[in-house]
Every structure is written in structure tokens, then in C-alpha cells.
Amino acid sequence: MNKLEGLKDYQIALLGLMIALGIILSTFIFSKAVITFQKLTTQTLTVTGSASKNVTSDKGMWKAYYETRDADLKSAYATMNQNSLTIKEFLISNGIKEKDIKFSPVNSYAIYQRTPAGYETNKVEGYRLSQNVEVMSNNINLITGISKKVSELVNKNVEITSNSTQYFVSNLDELKVEVLADATKNAKDRAESMLKNTNGRIGVMNSAKMGVFQIVPVNSTDVSDYGINDTQSIEKKVIAVVNATFTIK
């Protein structure tokens, strides 16, 4: 005899009721778990934090380009050697250390004669030689002073062109880490401020995305999607931006 056939009608009904209640209860528990999971994963807040710090450059660089032209290659090299000595003496006399002076190799170009119509021929009429000089120093005042005295070299018949003086911060990597930490803290403070008048509280930080650094003159408001790296000013401002996402409790 089948076991179900041996059960009374009321027993079968009771068994069905228990099975139904079990299904309803399990469905409720599962639904509540899904809702709780969705709440934890969807209730988040994304904010942008920023921080900045003013810094003073502690290293300067001056670059210049000089050249000479001569019909004779040997004479051209002799002139270049003399110009290099003149520049070196000028820099040392103005307080620059010899170890901080760097000369690039000499570049040599043949100058060809041209026809009356302006076409270049194969006949060499002279040579043009050029060279670069670079000075890097921790003495900002010396570097700044050098760039203002280039005319002294011109007066000594040196055909020199001075580039703009550049200024750098030697511990920039450390400063970036410091400002980035401040920007992250600022992001958290902003998130807490936004939830101040609600029942929510900031939980863990789910993610953080660092923006580009902006290194600009102190009073500048310029920004760029690709970042700015100012090298023209002595006084600078390092700016960091962080986009952070927090869970809400």
C-alpha cells in the first residue's frame, strides 16, 4: 500500500500546509537577504576632495644656445672653443660651481652656396657650429642673476641666446603623497558634511581615483585635464584631486 494512501485526509492537509508555510518562509528569508545585499551595494556616496600646498622652488636651471659661422671649419671650432671658455669663466665669476656647468657636444653644419634663384648647390661656402650650455644649481638667486647678465657675453662677441630660467622643487614626489593624503581626507570630510542632517553615516571607502596634479604659480587658478607643471615661477602651488566613493551606513 502506498504510504500516502494510509494517511488520513486531515493529515494530508496538515502536511500540505506545513510545506506551503516552509516555502513562504524560505522565500521571505531569501527576499530579505537580497534586499539587504542590494542596500549594502547600492547605497554609496561619491565625492570629490581636493587639497593644495604652497611651496618654494629650491633648484633652478638656466640653458643657453650659442653658435658661430666661418668659411673654415678649423677656425670655426677654434672660435667655439674660445666661446665655451668665455662662458665658463663668466659663470664661475658669478658664483656658479664648475661641476654644475654642462656643455653639450658641438653640432656642425655645412653651409652650401645657393643659385640666384635660391636653389642649394653642392659647393660648401662655410660652416655653422652650435652648442648648448646648461647650469643647474640649488642657489636660486645665482641662477636668476645669471639669466639677467647674459648681455655681458654678447658684449664679448659670443652669439648666445638665453632660454627662460626654470625652477623646480626637489622633493616634489614627497609633496605629492602629502597633498594626496590631504585630498583624501577632504573627500571624507565633504561626505560626512553632506550626510550631517540625515540619518546616514559614512562607512568604508569603496574606491578612490586620483586626478592629475596641478603645479601652478601661487596665485594661479589655471587647471588642465592633462595636468600643469609650472617651471617658470619660484613660488608654486601643488594641487591634488581625489574622487572617492564611500558606503552609507
# chains A, B, ... in the order shown; residues from 1 in each chain; ligands from 1

call {"tool": "closest_atom_pairs", "arguments": {"of": "region 175-239 of chain A", "to": "region 144-156 of chain A", "cutoff": "12 Å", "atoms": "only C-alpha atoms", "output": "CSV"}}
result
residue,atom,partner,partner_atom,distance
A:Gln232,CA,A:Thr144,CA,11.1
A:Ser233,CA,A:Thr144,CA,11.0
A:Ile234,CA,A:Thr144,CA,10.0

call {"tool": "residues_around", "arguments": {"residues": "region 207-213 of chain A", "least_positions_apart": "3", "cutoff": "7 Å", "atoms": "only C-alpha atoms", "output": "PyMOL selection string"}}
result
chain A and resi 226-227+239-245

call {"tool": "write_last_selection", "arguments": {"atoms": "C-alpha atoms", "output": "short mmCIF file (atom, residue, chain, number, x, y, z; two decimals), in the first residue's frame"}}
result
data_model
loop_
_atom_site.label_atom_id
_atom_site.label_comp_id
_atom_site.auth_asym_id
_atom_site.auth_seq_id
_atom_site.Cartn_x
_atom_site.Cartn_y
_atom_site.Cartn_z
CA TYR A 226 46.24 66.74 -18.52
CA GLY A 227 47.80 68.47 -15.53
CA ILE A 239 47.10 70.78 -6.09
CA ALA A 240 45.74 67.24 -5.81
CA VAL A 241 42.20 65.96 -6.51
CA VAL A 242 40.65 62.65 -5.42
CA ASN A 243 37.29 61.14 -6.41
CA ALA A 244 36.25 58.79 -3.58
CA THR A 245 33.23 56.54 -3.07
#

call {"tool": "select_by_dssp", "arguments": {"residues": "region 24-238 of chain A", "states": "strand (DSSP E or B)", "output": "PyMOL selection string"}}
result
chain A and resi 44-56+59-70+101-103+107-114+120-137+159-162+166-168+202-210+214-217+228-229+235-238

call {"tool": "write_last_selection", "arguments": {"atoms": "C-alpha atoms", "output": "PDB file, in the first residue's frame"}}
result
ATOM      1  CA  THR A  44      27.036  54.759  -1.721  1.00  0.00           C
ATOM      2  CA  LEU A  45      28.166  58.360  -1.967  1.00  0.00           C
ATOM      3  CA  THR A  46      30.795  59.655  -4.383  1.00  0.00           C
ATOM      4  CA  VAL A  47      32.535  62.946  -3.593  1.00  0.00           C
ATOM      5  CA  THR A  48      35.494  64.926  -4.882  1.00  0.00           C
ATOM      6  CA  GLY A  49      38.148  66.020  -2.430  1.00  0.00           C
ATOM      7  CA  SER A  50      40.955  68.479  -3.085  1.00  0.00           C
ATOM      8  CA  ALA A  51      43.944  69.896  -1.271  1.00  0.00           C
ATOM      9  CA  SER A  52      46.819  72.230  -2.058  1.00  0.00           C
ATOM     10  CA  LYS A  53      50.113  73.332  -0.599  1.00  0.00           C
ATOM     11  CA  ASN A  54      52.305  76.322  -1.372  1.00  0.00           C
ATOM     12  CA  VAL A  55      55.970  75.503  -1.936  1.00  0.00           C
ATOM     13  CA  THR A  56      59.141  77.391  -2.793  1.00  0.00           C
ATOM     14  CA  LYS A  59      66.537  74.322  -7.581  1.00  0.00           C
ATOM     15  CA  GLY A  60      66.997  76.402 -10.706  1.00  0.00           C
ATOM     16  CA  MET A  61      68.166  75.674 -14.248  1.00  0.00           C
ATOM     17  CA  TRP A  62      69.497  78.021 -16.894  1.00  0.00           C
ATOM     18  CA  LYS A  63      70.061  76.971 -20.500  1.00  0.00           C
ATOM     19  CA  ALA A  64      71.547  78.835 -23.425  1.00  0.00           C
ATOM     20  CA  TYR A  65      72.416  78.202 -27.052  1.00  0.00           C
ATOM     21  CA  TYR A  66      75.376  79.722 -28.857  1.00  0.00           C
ATOM     22  CA  GLU A  67      76.820  79.405 -32.344  1.00  0.00           C
ATOM     23  CA  THR A  68      79.404  80.661 -34.785  1.00  0.00           C
ATOM     24  CA  ARG A  69      79.901  80.664 -38.566  1.00  0.00           C
ATOM     25  CA  ASP A  70      83.120  80.583 -40.523  1.00  0.00           C
ATOM     26  CA  ILE A 101      78.105  73.548 -15.677  1.00  0.00           C
ATOM     27  CA  LYS A 102      77.382  71.155 -18.541  1.00  0.00           C
ATOM     28  CA  PHE A 103      78.268  71.656 -22.198  1.00  0.00           C
ATOM     29  CA  ASN A 107      76.959  70.377 -33.683  1.00  0.00           C
ATOM     30  CA  SER A 108      78.471  71.141 -37.086  1.00  0.00           C
ATOM     31  CA  TYR A 109      76.563  72.008 -40.277  1.00  0.00           C
ATOM     32  CA  ALA A 110      77.872  72.762 -43.745  1.00  0.00           C
ATOM     33  CA  ILE A 111      76.528  75.885 -45.409  1.00  0.00           C
ATOM     34  CA  TYR A 112      76.067  75.439 -49.159  1.00  0.00           C
ATOM     35  CA  GLN A 113      76.081  78.145 -51.779  1.00  0.00           C
ATOM     36  CA  ARG A 114      72.795  78.968 -53.467  1.00  0.00           C
ATOM     37  CA  GLU A 120      71.117  74.985 -52.980  1.00  0.00           C
ATOM     38  CA  THR A 121      74.277  73.808 -54.744  1.00  0.00           C
ATOM     39  CA  ASN A 122      76.871  71.204 -53.761  1.00  0.00           C
ATOM     40  CA  LYS A 123      79.546  73.814 -53.100  1.00  0.00           C
ATOM     41  CA  VAL A 124      80.320  74.490 -49.420  1.00  0.00           C
ATOM     42  CA  GLU A 125      80.775  78.164 -48.612  1.00  0.00           C
ATOM     43  CA  GLY A 126      81.197  77.785 -44.865  1.00  0.00           C
ATOM     44  CA  TYR A 127      80.253  76.069 -41.641  1.00  0.00           C
ATOM     45  CA  ARG A 128      77.897  76.751 -38.796  1.00  0.00           C
ATOM     46  CA  LEU A 129      78.701  75.328 -35.365  1.00  0.00           C
ATOM     47  CA  SER A 130      76.388  75.351 -32.363  1.00  0.00           C
ATOM     48  CA  GLN A 131      76.469  74.193 -28.742  1.00  0.00           C
ATOM     49  CA  ASN A 132      74.261  74.240 -25.646  1.00  0.00           C
ATOM     50  CA  VAL A 133      75.252  75.073 -22.103  1.00  0.00           C
ATOM     51  CA  GLU A 134      73.222  74.146 -19.030  1.00  0.00           C
ATOM     52  CA  VAL A 135      73.553  75.192 -15.404  1.00  0.00           C
ATOM     53  CA  MET A 136      71.686  73.539 -12.522  1.00  0.00           C
ATOM     54  CA  SER A 137      72.065  74.906  -9.015  1.00  0.00           C
ATOM     55  CA  GLU A 159      76.447  84.819 -30.220  1.00  0.00           C
ATOM     56  CA  ILE A 160      74.329  83.413 -27.395  1.00  0.00           C
ATOM     57  CA  THR A 161      70.586  83.018 -26.926  1.00  0.00           C
ATOM     58  CA  SER A 162      69.373  82.555 -23.368  1.00  0.00           C
ATOM     59  CA  GLN A 166      63.312  77.162 -14.931  1.00  0.00           C
ATOM     60  CA  TYR A 167      62.607  76.456 -11.270  1.00  0.00           C
ATOM     61  CA  PHE A 168      61.939  73.078  -9.638  1.00  0.00           C
ATOM     62  CA  ILE A 202      29.936  57.261   6.279  1.00  0.00           C
ATOM     63  CA  GLY A 203      31.224  53.700   6.141  1.00  0.00           C
ATOM     64  CA  VAL A 204      34.265  52.298   4.413  1.00  0.00           C
ATOM     65  CA  MET A 205      35.789  53.839   1.300  1.00  0.00           C
ATOM     66  CA  ASN A 206      34.910  51.555  -1.616  1.00  0.00           C
ATOM     67  CA  SER A 207      37.148  53.181  -4.194  1.00  0.00           C
ATOM     68  CA  ALA A 208      39.326  56.196  -4.845  1.00  0.00           C
ATOM     69  CA  LYS A 209      40.519  57.656  -8.126  1.00  0.00           C
ATOM     70  CA  MET A 210      43.350  60.139  -8.187  1.00  0.00           C
ATOM     71  CA  GLN A 214      48.383  70.708 -10.962  1.00  0.00           C
ATOM     72  CA  ILE A 215      51.627  72.566 -10.214  1.00  0.00           C
ATOM     73  CA  VAL A 216      50.856  76.220 -10.841  1.00  0.00           C
ATOM     74  CA  PRO A 217      52.047  79.671  -9.732  1.00  0.00           C
ATOM     75  CA  ILE A 228      50.034  71.545 -15.328  1.00  0.00           C
ATOM     76  CA  ASN A 229      53.706  71.559 -14.389  1.00  0.00           C
ATOM     77  CA  GLU A 235      56.687  80.210  -5.682  1.00  0.00           C
ATOM     78  CA  LYS A 236      54.349  77.389  -6.659  1.00  0.00           C
ATOM     79  CA  LYS A 237      51.178  75.648  -5.528  1.00  0.00           C
ATOM     80  CA  VAL A 238      50.741  71.862  -5.693  1.00  0.00           C
TER      81      VAL A 238
END

call {"tool": "select_by_dssp", "arguments": {"residues": "region 23-204 of chain A", "states": "helix (DSSP H, G or I)", "output": "PyMOL selection string"}}
result
chain A and resi 23-42+73-93+98-100+140-148+151-154+172-194

call {"tool": "closest_residue", "arguments": {"among": "A:Asp58, A:Thr115, A:Phe246, A:Ser93", "to": "Met194 (chain A)", "atoms": "only C-alpha atoms"}}
result
A:Phe246

call {"tool": "residues_around", "arguments": {"residues": "Ile87 (chain A)", "least_positions_apart": "3", "cutoff": "9 Å", "atoms": "only C-alpha atoms", "output": "list in words"}}
result
Gln82, Asn83, Ser84, Phe90, Leu91, Ile92, Val133, Leu153 and Val158 of chain A

call {"tool": "write_last_selection", "arguments": {"atoms": "C-alpha atoms", "output": "PDB file, in the first residue's frame"}}
result
ATOM      1  CA  GLN A  82      87.042  80.194 -27.126  1.00  0.00           C
ATOM      2  CA  ASN A  83      83.345  80.956 -26.671  1.00  0.00           C
ATOM      3  CA  SER A  84      82.976  77.951 -24.351  1.00  0.00           C
ATOM      4  CA  PHE A  90      81.553  84.153 -16.906  1.00  0.00           C
ATOM      5  CA  LEU A  91      79.548  81.560 -14.968  1.00  0.00           C
ATOM      6  CA  ILE A  92      82.277  80.801 -12.437  1.00  0.00           C
ATOM      7  CA  VAL A 133      75.252  75.073 -22.103  1.00  0.00           C
ATOM      8  CA  LEU A 153      78.581  87.611 -23.036  1.00  0.00           C
ATOM      9  CA  VAL A 158      79.530  85.469 -28.083  1.00  0.00           C
TER      10      VAL A 158
END

call {"tool": "closest_residue", "arguments": {"among": "A:Asn81, A:Gln43, A:Asn138, A:Asn163", "to": "Thr247 (chain A)", "atoms": "only C-alpha atoms"}}
result
A:Gln43
